[in-house]
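Visitor: Dropping in input25.cif, with mmCIF, C-alpha atoms.
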```cif
data_coords
loop_
_atom_site.label_atom_id
_atom_site.label_comp_id
_atom_site.auth_asym_id
_atom_site.auth_seq_id
_atom_site.Cartn_x
_atom_site.Cartn_y
_atom_site.Cartn_z
CA MET A 1 0.00 0.00 0.00
CA ILE A 2 2.85 2.41 0.78
CA ARG A 3 4.50 1.90 -2.59
CA ARG A 4 1.17 2.26 -4.40
CA SER A 5 0.49 5.50 -2.54
CA LEU A 6 3.96 6.72 -3.40
CA ILE A 7 3.49 6.06 -7.11
CA THR A 8 0.16 7.85 -7.05
CA GLY A 9 1.69 10.69 -5.09
CA LEU A 10 4.54 11.09 -7.54
CA GLY A 11 2.06 11.49 -10.35
CA VAL A 12 0.10 14.08 -8.39
CA ALA A 13 3.32 15.90 -7.52
CA ALA A 14 4.29 16.07 -11.17
CA ALA A 15 0.86 17.31 -12.17
CA LEU A 16 0.88 19.98 -9.48
CA ALA A 17 4.33 21.11 -10.57
CA LEU A 18 3.11 21.55 -14.14
CA SER A 19 -0.15 23.24 -13.20
CA GLY A 20 1.70 25.63 -10.90
CA CYS A 21 3.87 27.09 -13.66
CA GLY A 22 3.38 30.83 -13.91
CA LYS A 23 1.51 31.07 -10.61
CA SER A 24 2.81 32.81 -7.54
CA GLU A 25 4.16 30.42 -4.94
CA ALA A 26 4.98 30.70 -1.26
CA PRO A 27 8.69 31.15 -0.54
CA LYS A 28 10.48 27.84 -0.46
CA SER A 29 11.90 28.63 2.96
CA ALA A 30 8.45 29.19 4.53
CA THR A 31 7.98 27.30 7.80
CA PRO A 32 6.21 24.03 6.90
CA LYS A 33 3.00 23.02 8.63
CA GLU A 34 4.11 19.38 8.64
CA LEU A 35 7.19 17.36 7.71
CA THR A 36 7.51 13.79 6.50
CA PHE A 37 10.43 11.69 7.69
CA SER A 38 11.34 8.75 5.46
CA ILE A 39 12.66 5.53 6.92
CA LEU A 40 14.39 2.83 4.97
CA SER A 41 12.64 -0.16 6.49
CA ALA A 42 15.24 -2.80 5.68
CA GLU A 43 13.36 -5.15 7.98
CA ASN A 44 9.61 -4.43 7.99
CA GLN A 45 7.32 -1.60 9.01
CA GLN A 46 5.60 -3.64 11.73
CA SER A 47 8.86 -4.13 13.62
CA MET A 48 10.54 -0.82 12.75
CA GLY A 49 7.58 1.50 13.27
CA PRO A 50 7.44 1.24 17.07
CA LEU A 51 11.22 1.69 17.27
CA TRP A 52 11.27 4.94 15.26
CA GLN A 53 8.05 6.54 16.51
CA PRO A 54 9.44 7.77 19.87
CA LEU A 55 12.32 9.51 18.08
CA ILE A 56 9.91 11.06 15.58
CA ASP A 57 7.70 12.31 18.44
CA ASP A 58 10.74 13.83 20.15
CA MET A 59 11.77 15.47 16.88
CA SER A 60 8.32 17.01 16.45
CA ALA A 61 8.47 18.49 19.94
CA TYR A 62 12.01 19.82 19.48
CA ILE A 63 11.53 21.58 16.13
CA GLY A 64 7.96 22.70 16.80
CA VAL A 65 6.54 21.16 13.62
CA PRO A 66 4.51 17.92 13.38
CA VAL A 67 6.51 15.10 11.79
CA LYS A 68 4.98 11.97 10.30
CA PRO A 69 6.86 8.83 9.21
CA PHE A 70 7.03 7.32 5.75
CA PHE A 71 8.24 3.70 5.59
CA ALA A 72 9.40 1.92 2.46
CA SER A 73 11.67 -1.04 1.74
CA ASN A 74 12.50 0.20 -1.75
CA TYR A 75 15.54 2.50 -1.89
CA THR A 76 14.47 4.15 -5.15
CA SER A 77 11.09 5.07 -3.67
CA LEU A 78 12.76 6.98 -0.86
CA ILE A 79 15.02 8.91 -3.21
CA GLU A 80 12.13 9.79 -5.53
CA ALA A 81 9.93 10.81 -2.59
CA MET A 82 12.57 13.31 -1.47
CA ARG A 83 13.17 14.43 -5.03
CA PHE A 84 9.48 15.32 -5.42
CA ASN A 85 9.37 16.89 -1.94
CA GLN A 86 6.99 14.25 -0.60
CA VAL A 87 9.49 13.76 2.21
CA GLN A 88 11.69 16.51 3.58
CA VAL A 89 14.05 14.56 5.82
CA GLY A 90 14.95 10.93 6.28
CA TRP A 91 17.26 8.14 7.34
CA PHE A 92 19.26 6.86 4.37
CA SER A 93 21.95 4.23 4.07
CA ALA A 94 25.11 5.32 2.26
CA VAL A 95 24.35 4.69 -1.43
CA PRO A 96 20.85 6.21 -1.43
CA ALA A 97 22.13 9.05 0.77
CA LEU A 98 24.69 9.89 -1.88
CA GLU A 99 22.06 9.75 -4.60
CA ALA A 100 19.73 11.94 -2.54
CA THR A 101 22.44 14.62 -2.32
CA GLU A 102 23.03 14.41 -6.06
CA ARG A 103 19.47 14.05 -7.39
CA ALA A 104 17.00 14.98 -4.66
CA ASN A 105 18.28 18.33 -3.35
CA GLY A 106 19.46 16.61 -0.19
CA GLU A 107 22.00 17.64 2.43
CA ILE A 108 23.65 15.46 5.08
CA LEU A 109 22.76 16.62 8.60
CA GLY A 110 24.70 13.96 10.49
CA ARG A 111 25.83 10.36 10.44
CA VAL A 112 24.88 7.44 12.64
CA VAL A 113 27.19 5.82 15.19
CA ASP A 114 26.51 2.47 16.83
CA SER A 115 26.22 1.77 20.54
CA GLY A 116 30.01 1.60 20.80
CA GLY A 117 30.52 4.91 18.99
CA VAL A 118 31.63 3.29 15.74
CA ASP A 119 30.45 5.05 12.57
CA SER A 120 30.87 2.12 10.20
CA TYR A 121 29.54 -1.37 9.62
CA GLU A 122 30.31 -4.35 7.36
CA SER A 123 28.72 -6.09 4.44
CA VAL A 124 28.65 -9.86 4.97
CA LEU A 125 27.87 -13.09 3.18
CA ILE A 126 25.81 -15.55 5.18
CA ALA A 127 25.24 -19.27 4.70
CA ARG A 128 23.19 -21.86 6.53
CA LYS A 129 25.13 -23.13 9.53
CA GLY A 130 26.29 -26.70 9.06
CA ALA A 131 25.63 -26.75 5.31
CA GLY A 132 29.34 -26.85 4.53
CA ILE A 133 29.26 -23.75 2.36
CA THR A 134 32.54 -21.85 2.50
CA LEU A 135 33.79 -18.75 0.74
CA ASP A 136 35.99 -20.93 -1.46
CA LYS A 137 32.92 -22.86 -2.58
CA VAL A 138 31.12 -19.60 -3.35
CA LEU A 139 34.04 -18.34 -5.43
CA LYS A 140 34.23 -21.55 -7.49
CA CYS A 141 31.36 -20.14 -9.56
CA ASP A 142 30.20 -23.59 -10.66
CA LYS A 143 26.54 -22.51 -10.79
CA SER A 144 25.63 -24.94 -8.03
CA LEU A 145 24.47 -22.34 -5.50
CA ASN A 146 21.37 -20.17 -5.19
CA PHE A 147 22.51 -16.65 -4.27
CA GLY A 148 20.69 -13.71 -2.71
CA MET A 149 21.69 -10.10 -3.37
CA GLY A 150 20.25 -6.96 -1.80
CA ASP A 151 18.41 -4.08 -3.41
CA ALA A 152 20.27 -2.70 -6.43
CA LYS A 153 20.97 0.51 -4.49
CA SER A 154 21.97 -1.22 -1.26
CA THR A 155 25.47 -0.39 -0.05
CA SER A 156 26.01 -3.61 1.87
CA GLY A 157 23.63 -5.82 -0.08
CA THR A 158 24.97 -5.14 -3.57
CA LEU A 159 27.68 -2.49 -4.05
CA ALA A 160 30.16 -3.63 -1.39
CA PRO A 161 30.06 -7.37 -2.23
CA LYS A 162 30.65 -6.53 -5.88
CA ALA A 163 33.36 -3.93 -5.21
CA TYR A 164 35.30 -5.85 -2.56
CA LEU A 165 34.63 -9.51 -3.36
CA PHE A 166 33.40 -10.27 -6.86
CA THR A 167 34.78 -7.56 -9.14
CA PRO A 168 38.43 -7.89 -8.00
CA ARG A 169 38.13 -11.56 -9.02
CA ASN A 170 36.42 -10.70 -12.30
CA ILE A 171 33.27 -12.52 -11.15
CA GLU A 172 29.82 -11.57 -12.42
CA PRO A 173 27.21 -13.00 -10.02
CA ALA A 174 24.71 -13.66 -12.83
CA LYS A 175 27.26 -15.98 -14.46
CA CYS A 176 28.53 -17.48 -11.21
CA PHE A 177 25.46 -18.87 -9.48
CA LYS A 178 22.58 -21.19 -10.32
CA THR A 179 20.11 -18.41 -9.53
CA VAL A 180 20.44 -14.85 -8.26
CA ARG A 181 17.57 -13.00 -6.64
CA SER A 182 17.25 -9.70 -4.78
CA GLY A 183 15.66 -9.29 -1.38
CA SER A 184 15.75 -7.29 1.83
CA HIS A 185 18.24 -8.13 4.55
CA GLN A 186 15.49 -9.72 6.62
CA ALA A 187 14.21 -11.76 3.68
CA ASN A 188 17.74 -12.98 2.94
CA VAL A 189 18.27 -14.12 6.53
CA PHE A 190 15.05 -16.13 6.48
CA ALA A 191 15.77 -17.55 3.03
CA VAL A 192 19.23 -18.77 4.03
CA ALA A 193 18.07 -20.10 7.40
CA ASN A 194 15.28 -22.07 5.73
CA GLY A 195 17.42 -23.42 2.90
CA VAL A 196 15.71 -21.44 0.13
CA LEU A 197 19.03 -19.73 -0.63
CA ASP A 198 22.46 -21.24 -0.15
CA VAL A 199 24.22 -17.94 0.45
CA ALA A 200 23.19 -14.30 0.55
CA THR A 201 24.42 -10.79 1.28
CA ASN A 202 23.55 -9.01 4.51
CA ASN A 203 25.26 -6.67 6.93
CA SER A 204 26.46 -6.59 10.50
CA VAL A 205 23.60 -4.32 11.63
CA GLY A 206 20.97 -6.51 9.98
CA LEU A 207 22.32 -9.51 11.86
CA VAL A 208 22.03 -7.61 15.16
CA PHE A 209 18.32 -7.08 14.46
CA ALA A 210 17.91 -10.70 13.37
CA LYS A 211 19.47 -12.00 16.60
CA ARG A 212 17.27 -9.74 18.68
CA ASP A 213 13.96 -10.23 16.85
CA ASN A 214 14.29 -13.78 15.49
CA PRO A 215 17.00 -15.54 17.52
CA GLN A 216 15.98 -19.03 16.36
CA ILE A 217 16.34 -17.97 12.72
CA ALA A 218 19.58 -16.05 13.30
CA GLU A 219 21.07 -19.10 15.03
CA LYS A 220 20.77 -21.04 11.76
CA VAL A 221 23.09 -18.76 9.74
CA GLU A 222 26.79 -18.00 9.87
CA VAL A 223 29.02 -15.32 8.34
CA ILE A 224 31.50 -16.60 5.74
CA TRP A 225 32.84 -13.22 4.53
CA SER A 226 32.98 -9.65 5.82
CA SER A 227 33.85 -6.48 3.90
CA PRO A 228 36.11 -3.64 4.99
CA PRO A 229 34.26 -0.98 7.05
CA LEU A 230 31.49 0.89 5.22
CA PRO A 231 30.14 4.38 5.98
CA GLU A 232 27.16 4.12 8.31
CA SER A 233 23.76 5.56 7.44
CA SER A 234 22.93 9.25 7.75
CA ILE A 235 20.16 11.78 8.18
CA VAL A 236 19.42 13.71 4.99
CA ALA A 237 17.22 16.81 4.68
CA ARG A 238 16.14 18.85 1.68
CA LYS A 239 18.21 21.99 1.19
CA ASP A 240 15.15 24.14 0.56
CA LEU A 241 13.70 23.59 4.02
CA ASP A 242 13.33 26.68 6.15
CA PRO A 243 16.95 27.21 7.31
CA ALA A 244 15.84 27.67 10.91
CA ILE A 245 13.91 24.38 10.86
CA ARG A 246 16.79 22.57 9.17
CA GLU A 247 19.25 23.83 11.77
CA LYS A 248 16.90 22.82 14.60
CA MET A 249 16.71 19.39 13.05
CA ARG A 250 20.49 19.15 12.84
CA GLN A 251 20.85 20.12 16.49
CA PHE A 252 18.13 17.67 17.48
CA PHE A 253 20.02 14.71 16.02
CA LEU A 254 23.48 15.81 17.15
CA THR A 255 22.34 16.26 20.76
CA TYR A 256 19.88 13.35 20.94
CA GLY A 257 20.76 10.94 23.72
CA THR A 258 23.53 13.15 25.10
CA GLY A 259 23.75 14.72 28.53
CA THR A 260 22.37 13.51 31.84
CA GLY A 261 19.00 13.20 33.50
CA PRO A 262 15.77 11.28 32.86
CA LYS A 263 15.17 12.87 29.43
CA ALA A 264 18.60 11.87 28.11
CA ASP A 265 18.24 8.41 29.64
CA LYS A 266 14.91 7.94 27.85
CA GLN A 267 16.44 9.08 24.55
CA ARG A 268 19.28 6.61 24.95
CA GLU A 269 16.72 3.83 25.39
CA VAL A 270 15.13 4.89 22.10
CA LEU A 271 18.53 4.75 20.40
CA LYS A 272 19.21 1.36 21.96
CA GLY A 273 16.10 0.02 20.28
CA LEU A 274 17.49 1.18 16.93
CA ALA A 275 20.92 -0.31 17.74
CA TYR A 276 22.37 3.22 17.64
CA GLY A 277 24.63 5.12 19.99
CA GLY A 278 23.72 8.51 18.54
CA PHE A 279 24.70 10.84 15.72
CA ARG A 280 27.78 12.86 14.85
CA PRO A 281 28.40 15.81 12.50
CA ALA A 282 29.04 14.98 8.83
CA ASP A 283 28.77 16.35 5.33
CA ASP A 284 28.60 14.41 2.11
CA SER A 285 32.40 13.97 1.99
CA TYR A 286 31.98 11.09 4.44
CA LEU A 287 30.44 9.20 1.50
CA ASP A 288 33.72 9.32 -0.47
CA PRO A 289 34.25 5.53 -0.08
CA VAL A 290 30.91 4.97 -1.80
CA ARG A 291 31.87 7.31 -4.63
CA GLU A 292 35.12 5.38 -5.08
CA MET A 293 33.35 2.00 -5.10
CA GLU A 294 30.82 3.20 -7.66
CA ALA A 295 33.49 4.73 -9.88
CA ALA A 296 35.60 1.55 -9.69
CA GLU A 297 32.58 -0.54 -10.70
CA ALA A 298 31.88 1.83 -13.59
CA LEU A 299 35.47 1.42 -14.78
CA VAL A 300 35.17 -2.36 -14.71
CA ASP A 301 31.96 -2.17 -16.74
CA ALA A 302 33.67 0.12 -19.24
CA ARG A 303 36.61 -2.22 -19.61
CA ARG A 304 34.26 -5.16 -20.18
CA SER A 305 32.59 -3.18 -22.97
CA GLY A 306 35.90 -2.68 -24.77
CA ASP A 307 34.90 0.88 -25.69
CA ALA A 308 38.06 2.98 -25.51
CA ALA A 309 36.19 6.25 -25.02
CA LYS A 310 34.13 4.83 -22.15
CA ILE A 311 37.25 3.39 -20.54
CA ALA A 312 39.07 6.72 -20.74
CA ALA A 313 36.09 8.59 -19.28
CA ALA A 314 35.70 6.07 -16.45
CA GLU A 315 39.42 6.21 -15.63
CA LYS A 316 39.29 10.01 -15.50
CA ALA A 317 36.19 9.97 -13.28
CA LEU A 318 37.76 7.51 -10.84
CA ALA A 319 41.01 9.51 -10.68
CA GLU A 320 39.10 12.74 -9.95
CA ILE A 321 37.05 11.10 -7.21
CA GLN A 322 40.13 9.58 -5.61
CA ALA A 323 41.91 12.94 -5.71
CA LYS A 324 38.99 14.72 -4.04
CA ALA A 325 38.70 11.97 -1.42
CA ALA A 326 42.42 12.29 -0.64
CA GLN A 327 42.00 16.06 -0.27
CA HIS A 328 39.04 15.58 2.09
CA ARG A 329 41.06 13.15 4.22
CA ALA A 330 44.01 15.54 4.33
CA THR A 331 41.88 18.50 5.46
CA ASN A 332 39.72 16.53 7.87
CA PRO A 333 41.63 13.42 9.04
CA ASP A 334 39.18 12.72 11.89
CA ALA A 335 36.10 12.56 9.65
#
```
Just give me the structure as structure tokens.
Guide:
Amino acid sequence: MIRRSLITGLGVAAALALSGCGKSEAPKSATPKELTFSILSAENQQSMGPLWQPLIDDMSAYIGVPVKPFFASNYTSLIEAMRFNQVQVGWFSAVPALEATERANGEILGRVVDSGGVDSYESVLIARKGAGITLDKVLKCDKSLNFGMGDAKSTSGTLAPKAYLFTPRNIEPAKCFKTVRSGSHQANVFAVANGVLDVATNNSVGLVFAKRDNPQIAEKVEVIWSSPPLPESSIVARKDLDPAIREKMRQFFLTYGTGTGPKADKQREVLKGLAYGGFRPADDSYLDPVREMEAAEALVDARRSGDAAKIAAAEKALAEIQAKAAQHRATNPDA
């Protein structure tokens, strides 16, 4: 129902945009009467809704504007919803966060840290415990295994396994496995645990939720590969929000769960439910590792095509991204 409503809403948004041409409009920075906060429900709305609602209620009280949630498991839907101003702020994992800054007028307000203060996580491959499936068996590519990927725009479910595991070995998953199908992290855990899939992508945070919410299922899977650290998720807001509201929102996240007293203790309990430790300042330069992974994948695709012009363009793009990333690290080594 959410996706259907989104599709309908996108059509209405487009129609309103066209019909509004030539008419006077309220200033874009006008204080909104209501905001919509998008949530990438990598698990499911039923389990994630109660975990996010207390934070959303606290946000509404802090900024003085009602905030309502929008849940979706489809990464593209969230990006398009922000692009068409159906949502004004949201929680995005790294790849869609980058796309939101590039295509949906988004700005990073802060990045997530886990309960130990770590601002990264890992992509993993999981297999059914006791099935005898090892990484070496996966990399044989003998088309004997059924494989589960994540959403096409998932950092840990698709980009990282390709960039760090398959592409360096010149492996194309579609040619490596018996079948390849895409699913959410939760769906992949269940599919592997129940023997529907032999191996699948997931991430270290998804496994934390699985162990907490479905311990009997989580007990049936094991990790057979982990990626290098990946940038954690972030809070993204539209740049054309009222600057005062946007700054209030930034301060809300950066101070949430800090300090002492009953209020801070309650906020920390909310964060605990989300498996978070809080938020820290960030801009979109913290997504440089994602830019580099995407550019490296684009170069591999260009080389496979054999098109000299595409190869040259991809090499130039990767070199520019790497140079900018090096400059960011030099000017802000603690980021």
Visitor: Grab the atom CA of A:Val189 to atom CA of A:Ile56 distance for me, in Å with one decimal place.
Guide: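 The value is 28.0 Å.
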Visitor: For A:Ala210, which residue out of A:Asn85, A:Pro228, A:Ala275, A:Lys162 is the nearest one, using all atoms listed in the file?
Guide: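 Closest residue, counting all atoms listed in the file: A:Ala275.
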Visitor: Counting all atoms listed in the file, select every polymer residue within 7 Å of (23.0, -0.5, 17.2) as defined in the file's coordinates, and provide the selection as an MDAnalysis selection string.
Guide: chainID A and resid 114:115 205 272 274:277
Visitor: What is the distance between atom CA of A:Glu34 and atom CA of A:Ala72, in Å to one decimal?
Guide: 19.3 Å
Visitor: Could you tell me, as an MDAnalysis selection string, exactly which residues end up selected when the PyMOL selection byres ((chain A and resi 284) around 12) is applied to this structure?
Guide: chainID A and resid 94:102 106:111 231 233:237 281:283 285:291 325 328 335
Visitor: For atom CA of A:Arg250 and atom CA of A:Met82, determine how far apart the two atoms are, in Å to one decimal place.
Guide: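 Taking atom CA of A:Arg250 as the start and atom CA of A:Met82 as the end point, the length is 17.4 Å.
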Visitor: May I have the centre and edge lengths, in Å to one decimal, of an axis-aligned box around the listed atoms of stretch 159-162 of chain A with 8 Å added to every side, as lines of an AutoDock Vina configuration file?
Guide:
```
center_x = 29.2
center_y = -4.9
center_z = -3.6
size_x = 19.0
size_y = 20.9
size_z = 20.5
```
Visitor: Taking into account only C-alpha atoms, which residue in the set A:Val199, A:Ala127, A:Leu35, A:Val113 is nearest to A:Leu241?
Guide: A:Leu35
Visitor: Which residues, written as a list of chain:residue names, have at least one atom at most 7 Å from stretch 59-70 of chain A, with only C-alpha atoms counted and residues fewer than 3 positions away on the same chain left out?
Guide: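 Here the qualifying residues turn out to be A:Lys33, A:Glu34, A:Leu35, A:Thr36, A:Phe37, A:Ser38, A:Ile39, A:Leu55, A:Ile56, A:Ile245, A:Lys248, A:Met249, A:Phe252.
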Visitor: With C-alpha atoms retained, write the just-selected residues as an mmCIF file, keeping the file's coordinate frame.
Guide:
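File written: part27.cif
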```cif
data_model
loop_
_atom_site.group_PDB
_atom_site.id
_atom_site.type_symbol
_atom_site.label_atom_id
_atom_site.label_comp_id
_atom_site.auth_asym_id
_atom_site.auth_seq_id
_atom_site.Cartn_x
_atom_site.Cartn_y
_atom_site.Cartn_z
ATOM 1 C CA LYS A 33 3.000 23.020 8.630
ATOM 2 C CA GLU A 34 4.110 19.380 8.640
ATOM 3 C CA LEU A 35 7.190 17.360 7.710
ATOM 4 C CA THR A 36 7.510 13.790 6.500
ATOM 5 C CA PHE A 37 10.430 11.690 7.690
ATOM 6 C CA SER A 38 11.340 8.750 5.460
ATOM 7 C CA ILE A 39 12.660 5.530 6.920
ATOM 8 C CA LEU A 55 12.320 9.510 18.080
ATOM 9 C CA ILE A 56 9.910 11.060 15.580
ATOM 10 C CA ILE A 245 13.910 24.380 10.860
ATOM 11 C CA LYS A 248 16.900 22.820 14.600
ATOM 12 C CA MET A 249 16.710 19.390 13.050
ATOM 13 C CA PHE A 252 18.130 17.670 17.480
#
```
Visitor: Could you state which residues are captured by the PyMOL selection byres ((chain A and resi 123) around 7) in this file, as a ChimeraX atom specification?
Guide: /A:122,124,156-157,160-161,202-204,226-227
Visitor: Where does the PyMOL selection byres ((chain A and resi 311-319) around 9) land in this file, that is, which residues does it pick, as a compact mmCIF listing (two decimals) with C-alpha atoms, in the frame of the given file?
Guide:
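Writing the result to selection-v3.txt gives the following:
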```txt
# COMPACT_ATOMS: atom_id res chain seq x y z
CA ARG A 291 31.87 7.31 -4.63
CA GLU A 292 35.12 5.38 -5.08
CA GLU A 294 30.82 3.20 -7.66
CA ALA A 295 33.49 4.73 -9.88
CA ALA A 296 35.60 1.55 -9.69
CA ALA A 298 31.88 1.83 -13.59
CA LEU A 299 35.47 1.42 -14.78
CA VAL A 300 35.17 -2.36 -14.71
CA ASP A 301 31.96 -2.17 -16.74
CA ALA A 302 33.67 0.12 -19.24
CA ARG A 303 36.61 -2.22 -19.61
CA SER A 305 32.59 -3.18 -22.97
CA GLY A 306 35.90 -2.68 -24.77
CA ASP A 307 34.90 0.88 -25.69
CA ALA A 308 38.06 2.98 -25.51
CA ALA A 309 36.19 6.25 -25.02
CA LYS A 310 34.13 4.83 -22.15
CA GLU A 320 39.10 12.74 -9.95
CA ILE A 321 37.05 11.10 -7.21
CA GLN A 322 40.13 9.58 -5.61
CA ALA A 323 41.91 12.94 -5.71
CA LYS A 324 38.99 14.72 -4.04
```
Visitor: Just checking: using all atoms listed in the file, which residue out of A:Phe177, A:Ser184, A:Ile133, A:Val196 ends up closest to A:Thr158?
Guide: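 Answer, going by the shortest atom-to-atom distance: A:Ser184.
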Visitor: Could you check the closest approach to A:Gly195 for each of A:Cys176, A:Ala81, A:Leu145, A:Leu159 and tell me which residue wins, using only C-alpha atoms?
Guide: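 Nearest to A:Gly195: A:Leu145.
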Visitor: For A:Gly148, work out the shell of residues within 9 Å, counting all atoms listed in the file and skipping chain neighbours fewer than 6 positions away, then give it as a PDB file with C-alpha atoms, in the frame of the given file.
Guide:
```
ATOM      1  CA  GLY A 157      23.630  -5.820  -0.080  1.00  0.00           C
ATOM      2  CA  THR A 179      20.110 -18.410  -9.530  1.00  0.00           C
ATOM      3  CA  VAL A 180      20.440 -14.850  -8.260  1.00  0.00           C
ATOM      4  CA  ARG A 181      17.570 -13.000  -6.640  1.00  0.00           C
ATOM      5  CA  SER A 182      17.250  -9.700  -4.780  1.00  0.00           C
ATOM      6  CA  GLY A 183      15.660  -9.290  -1.380  1.00  0.00           C
ATOM      7  CA  ASN A 188      17.740 -12.980   2.940  1.00  0.00           C
ATOM      8  CA  ALA A 191      15.770 -17.550   3.030  1.00  0.00           C
ATOM      9  CA  VAL A 192      19.230 -18.770   4.030  1.00  0.00           C
ATOM     10  CA  LEU A 197      19.030 -19.730  -0.630  1.00  0.00           C
ATOM     11  CA  ASP A 198      22.460 -21.240  -0.150  1.00  0.00           C
ATOM     12  CA  VAL A 199      24.220 -17.940   0.450  1.00  0.00           C
ATOM     13  CA  ALA A 200      23.190 -14.300   0.550  1.00  0.00           C
ATOM     14  CA  THR A 201      24.420 -10.790   1.280  1.00  0.00           C
TER      15      THR A 201
END
```
Visitor: Can you rebuild stretch 259-273 of chain A with N, CA, C and O atoms and give it as a short mmCIF file (atom, residue, chain, number, x, y, z; two decimals), in the coordinates of the input?
Guide:
```cif
data_model
loop_
_atom_site.label_atom_id
_atom_site.label_comp_id
_atom_site.auth_asym_id
_atom_site.auth_seq_id
_atom_site.Cartn_x
_atom_site.Cartn_y
_atom_site.Cartn_z
N GLY A 259 24.06 14.06 27.27
CA GLY A 259 23.75 14.72 28.53
C GLY A 259 23.33 13.75 29.61
O GLY A 259 23.49 12.53 29.50
N THR A 260 22.78 14.31 30.69
CA THR A 260 22.37 13.51 31.84
C THR A 260 20.92 13.80 32.18
O THR A 260 20.32 14.75 31.66
N GLY A 261 20.36 12.99 33.05
CA GLY A 261 19.00 13.20 33.50
C GLY A 261 18.02 12.24 32.84
O GLY A 261 18.36 11.52 31.89
N PRO A 262 16.79 12.22 33.35
CA PRO A 262 15.77 11.28 32.86
C PRO A 262 15.48 11.42 31.36
O PRO A 262 15.27 10.41 30.68
N LYS A 263 15.46 12.65 30.85
CA LYS A 263 15.17 12.87 29.43
C LYS A 263 16.23 12.22 28.55
O LYS A 263 15.93 11.52 27.58
N ALA A 264 17.50 12.46 28.89
CA ALA A 264 18.60 11.87 28.11
C ALA A 264 18.60 10.36 28.24
O ALA A 264 18.87 9.64 27.27
N ASP A 265 18.29 9.86 29.43
CA ASP A 265 18.24 8.41 29.64
C ASP A 265 17.15 7.78 28.76
O ASP A 265 17.36 6.72 28.16
N LYS A 266 16.01 8.44 28.68
CA LYS A 266 14.91 7.94 27.85
C LYS A 266 15.30 7.94 26.37
O LYS A 266 15.00 7.00 25.63
N GLN A 267 15.99 8.99 25.94
CA GLN A 267 16.44 9.08 24.55
C GLN A 267 17.44 7.97 24.24
O GLN A 267 17.42 7.39 23.15
N ARG A 268 18.31 7.68 25.18
CA ARG A 268 19.28 6.61 24.95
C ARG A 268 18.60 5.25 24.84
O ARG A 268 19.06 4.37 24.10
N GLU A 269 17.49 5.06 25.52
CA GLU A 269 16.72 3.83 25.39
C GLU A 269 16.11 3.73 23.99
O GLU A 269 16.05 2.64 23.42
N VAL A 270 15.67 4.87 23.47
CA VAL A 270 15.13 4.89 22.10
C VAL A 270 16.23 4.49 21.12
O VAL A 270 16.03 3.66 20.23
N LEU A 271 17.41 5.08 21.28
CA LEU A 271 18.53 4.75 20.40
C LEU A 271 18.94 3.29 20.54
O LEU A 271 19.29 2.64 19.55
N LYS A 272 18.87 2.78 21.74
CA LYS A 272 19.21 1.36 21.96
C LYS A 272 18.31 0.45 21.15
O LYS A 272 18.75 -0.55 20.59
N GLY A 273 17.03 0.81 21.07
CA GLY A 273 16.10 0.02 20.28
C GLY A 273 16.44 0.01 18.80
O GLY A 273 16.16 -0.97 18.09
#
```
